Amino acid sequence: RHNVKSLVELDASLNVVNRIPMPASMVGPGDLAYSNGVIYAAPDQAPGDGILFSEQGVLVGTTTQPVSRFSVAGSTVAYMGSAGLGRVGSNGATSPWVANQGGSPNDRFVLTAGGAAVYLYGPGLIEWITLDGGVEGSLALPSVQLMVANPLGSMVPAYQQDHVVAIAADAPGSIWYVDITSSELVHVHL
């Protein structure tokens, strides 16, 4: 929650079991991930410095690259930021994976054991990225021309495209996404 200085941990019944204080450098994270006792927080006004802290709220590190998203698969933590996709260690050290992949606050990605599903908001593109950084599949989301009134009252063309707000993958190239434009859950194979 914005401007609340702690994360709330809930159990399966949604009972509050813990409050974890956030380091002073983070107010209102825009994305969170957890791995091996370390909490990874990306800023809401991303991309910016991500912070890593313990379950006790002790600062562990700061990312060495600006980040907007985190994702975890097994013991690997990956980030999306203005420099692209990369991996991040439990101390904040980053290593590049795929350059020029993401950075907009509206971009999304999910890491799996076999790669990553990436949604790039600007071009309206979904890609499957392999562990070695190759693009194995790609889908350009269709755009539909609409006629809308401009301030002068005349009708002008505008374009509407699927807007992905969440993305998941259940196998390499098998991607699920939520399209907020049509309120649908979509499954694609790339």
# chains A, B, ... in the order shown; residues from 1 in each chain; ligands from 1
call {"tool": "residues_around", "arguments": {"residues": "region 107-118 of chain A", "least_positions_apart": "6", "cutoff": "9 Å", "atoms": "only C-alpha atoms", "output": "ChimeraX atom specification"}}
result
/A:68-74,76-80,101,125-133,164-175
call {"tool": "write_last_selection", "arguments": {"atoms": "N, CA and C atoms", "output": "mmCIF file, in the first residue's frame"}}
result
data_model
loop_
_atom_site.group_PDB
_atom_site.id
_atom_site.type_symbol
_atom_site.label_atom_id
_atom_site.label_comp_id
_atom_site.auth_asym_id
_atom_site.auth_seq_id
_atom_site.Cartn_x
_atom_site.Cartn_y
_atom_site.Cartn_z
ATOM 1 N N SER A 68 11.806 -2.149 -13.109
ATOM 2 C CA SER A 68 10.377 -1.863 -13.019
ATOM 3 C C SER A 68 9.591 -3.098 -12.613
ATOM 4 N N ARG A 69 10.145 -4.289 -12.825
ATOM 5 C CA ARG A 69 9.477 -5.557 -12.486
ATOM 6 C C ARG A 69 10.501 -6.578 -12.004
ATOM 7 N N PHE A 70 10.021 -7.518 -11.167
ATOM 8 C CA PHE A 70 10.800 -8.678 -10.755
ATOM 9 C C PHE A 70 9.979 -9.931 -11.020
ATOM 10 N N SER A 71 10.658 -11.062 -11.225
ATOM 11 C CA SER A 71 10.001 -12.355 -11.337
ATOM 12 C C SER A 71 10.962 -13.423 -10.822
ATOM 13 N N VAL A 72 10.411 -14.500 -10.255
ATOM 14 C CA VAL A 72 11.211 -15.560 -9.657
ATOM 15 C C VAL A 72 10.815 -16.899 -10.267
ATOM 16 N N ALA A 73 11.810 -17.729 -10.565
ATOM 17 C CA ALA A 73 11.602 -19.119 -10.972
ATOM 18 C C ALA A 73 12.681 -19.944 -10.286
ATOM 19 N N GLY A 74 12.270 -20.835 -9.387
ATOM 20 C CA GLY A 74 13.243 -21.598 -8.612
ATOM 21 C C GLY A 74 14.054 -20.651 -7.756
ATOM 22 N N THR A 76 16.235 -18.494 -9.152
ATOM 23 C CA THR A 76 16.647 -17.393 -10.029
ATOM 24 C C THR A 76 15.663 -16.235 -9.919
ATOM 25 N N VAL A 77 16.200 -15.035 -9.734
ATOM 26 C CA VAL A 77 15.395 -13.817 -9.725
ATOM 27 C C VAL A 77 15.812 -13.000 -10.939
ATOM 28 N N ALA A 78 14.821 -12.568 -11.712
ATOM 29 C CA ALA A 78 15.087 -11.745 -12.896
ATOM 30 C C ALA A 78 14.391 -10.407 -12.732
ATOM 31 N N TYR A 79 14.875 -9.427 -13.480
ATOM 32 C CA TYR A 79 14.267 -8.101 -13.452
ATOM 33 C C TYR A 79 14.018 -7.626 -14.870
ATOM 34 N N MET A 80 13.094 -6.685 -15.000
ATOM 35 C CA MET A 80 12.878 -5.951 -16.235
ATOM 36 C C MET A 80 13.101 -4.493 -15.885
ATOM 37 N N GLN A 101 14.717 -4.941 -23.866
ATOM 38 C CA GLN A 101 13.456 -5.639 -23.641
ATOM 39 C C GLN A 101 12.767 -5.012 -22.447
ATOM 40 N N LEU A 125 3.550 -6.158 -28.262
ATOM 41 C CA LEU A 125 4.220 -7.377 -28.680
ATOM 42 C C LEU A 125 4.398 -8.318 -27.501
ATOM 43 N N ILE A 126 4.099 -9.612 -27.716
ATOM 44 C CA ILE A 126 4.384 -10.644 -26.723
ATOM 45 C C ILE A 126 5.467 -11.536 -27.305
ATOM 46 N N GLU A 127 6.508 -11.815 -26.509
ATOM 47 C CA GLU A 127 7.611 -12.654 -26.985
ATOM 48 C C GLU A 127 7.939 -13.732 -25.969
ATOM 49 N N TRP A 128 8.445 -14.857 -26.486
ATOM 50 C CA TRP A 128 9.012 -15.891 -25.629
ATOM 51 C C TRP A 128 10.518 -15.783 -25.759
ATOM 52 N N ILE A 129 11.200 -15.533 -24.625
ATOM 53 C CA ILE A 129 12.651 -15.377 -24.583
ATOM 54 C C ILE A 129 13.252 -16.635 -23.974
ATOM 55 N N THR A 130 14.194 -17.259 -24.673
ATOM 56 C CA THR A 130 14.846 -18.461 -24.168
ATOM 57 C C THR A 130 15.873 -18.099 -23.099
ATOM 58 N N LEU A 131 16.352 -19.097 -22.378
ATOM 59 C CA LEU A 131 17.329 -18.852 -21.315
ATOM 60 C C LEU A 131 18.636 -18.271 -21.840
ATOM 61 N N ASP A 132 18.952 -18.533 -23.117
ATOM 62 C CA ASP A 132 20.184 -17.952 -23.671
ATOM 63 C C ASP A 132 19.937 -16.575 -24.304
ATOM 64 N N GLY A 133 18.708 -16.041 -24.177
ATOM 65 C CA GLY A 133 18.423 -14.688 -24.638
ATOM 66 C C GLY A 133 17.838 -14.584 -26.034
ATOM 67 N N VAL A 164 -2.321 -5.686 -22.087
ATOM 68 C CA VAL A 164 -2.010 -6.786 -21.181
ATOM 69 C C VAL A 164 -1.698 -6.218 -19.800
ATOM 70 N N VAL A 165 -2.428 -6.687 -18.788
ATOM 71 C CA VAL A 165 -2.184 -6.227 -17.424
ATOM 72 C C VAL A 165 -1.562 -7.306 -16.555
ATOM 73 N N ALA A 166 -1.581 -8.568 -17.019
ATOM 74 C CA ALA A 166 -0.945 -9.673 -16.286
ATOM 75 C C ALA A 166 -0.554 -10.728 -17.299
ATOM 76 N N ILE A 167 0.564 -11.420 -17.021
ATOM 77 C CA ILE A 167 1.053 -12.446 -17.938
ATOM 78 C C ILE A 167 1.598 -13.614 -17.115
ATOM 79 N N ALA A 168 1.410 -14.835 -17.636
ATOM 80 C CA ALA A 168 1.901 -16.049 -16.982
ATOM 81 C C ALA A 168 2.293 -17.040 -18.069
ATOM 82 N N ALA A 169 3.075 -18.031 -17.709
ATOM 83 C CA ALA A 169 3.463 -19.083 -18.648
ATOM 84 C C ALA A 169 3.445 -20.413 -17.902
ATOM 85 N N ASP A 170 2.888 -21.451 -18.535
ATOM 86 C CA ASP A 170 2.845 -22.764 -17.897
ATOM 87 C C ASP A 170 3.801 -23.763 -18.535
ATOM 88 N N ALA A 171 4.413 -23.392 -19.652
ATOM 89 C CA ALA A 171 5.412 -24.210 -20.340
ATOM 90 C C ALA A 171 6.118 -23.288 -21.323
ATOM 91 N N PRO A 172 7.308 -23.662 -21.798
ATOM 92 C CA PRO A 172 7.976 -22.808 -22.772
ATOM 93 C C PRO A 172 7.082 -22.500 -23.976
ATOM 94 N N GLY A 173 6.863 -21.218 -24.216
ATOM 95 C CA GLY A 173 6.051 -20.782 -25.339
ATOM 96 C C GLY A 173 4.550 -20.827 -25.114
ATOM 97 N N SER A 174 4.092 -21.382 -23.992
ATOM 98 C CA SER A 174 2.662 -21.436 -23.674
ATOM 99 C C SER A 174 2.356 -20.299 -22.698
ATOM 100 N N ILE A 175 1.740 -19.250 -23.218
ATOM 101 C CA ILE A 175 1.592 -18.000 -22.466
ATOM 102 C C ILE A 175 0.119 -17.666 -22.261
#
call {"tool": "select_by_dssp", "arguments": {"residues": "region 22-182 of chain A", "states": "strand (DSSP E or B)", "output": "MDAnalysis selection string"}}
result
chainID A and resid 29:35 38:43 48:54 59:67 69:73 76:81 84:88 94:99 108:112 115:120 125:130 135:140 143:149 155:161 164:171 174:179
call {"tool": "residues_around", "arguments": {"residues": "Val27 (chain A)", "least_positions_apart": "2", "cutoff": "12 Å", "atoms": "only C-alpha atoms", "output": "ChimeraX atom specification"}}
result
/A:1-7,21-25,29-31,41-45,49-51
call {"tool": "residues_around", "arguments": {"residues": "Val60 (chain A)", "least_positions_apart": "5", "cutoff": "12 Å", "atoms": "only C-alpha atoms", "output": "list in words"}}
result
Met22, Pro23, Gly37, Val38, Ile39, Tyr40, Ala41, Gly50, Ile51, Leu52, Phe53, Ser54, Glu55, Gly89, Ser90, Asn91, Gly92 and Ala93 of chain A
call {"tool": "atom_distance", "arguments": {"atom1": "CA of Tyr159 (chain A)", "atom2": "CA of Gln145 (chain A)"}}
result
4.5 Å
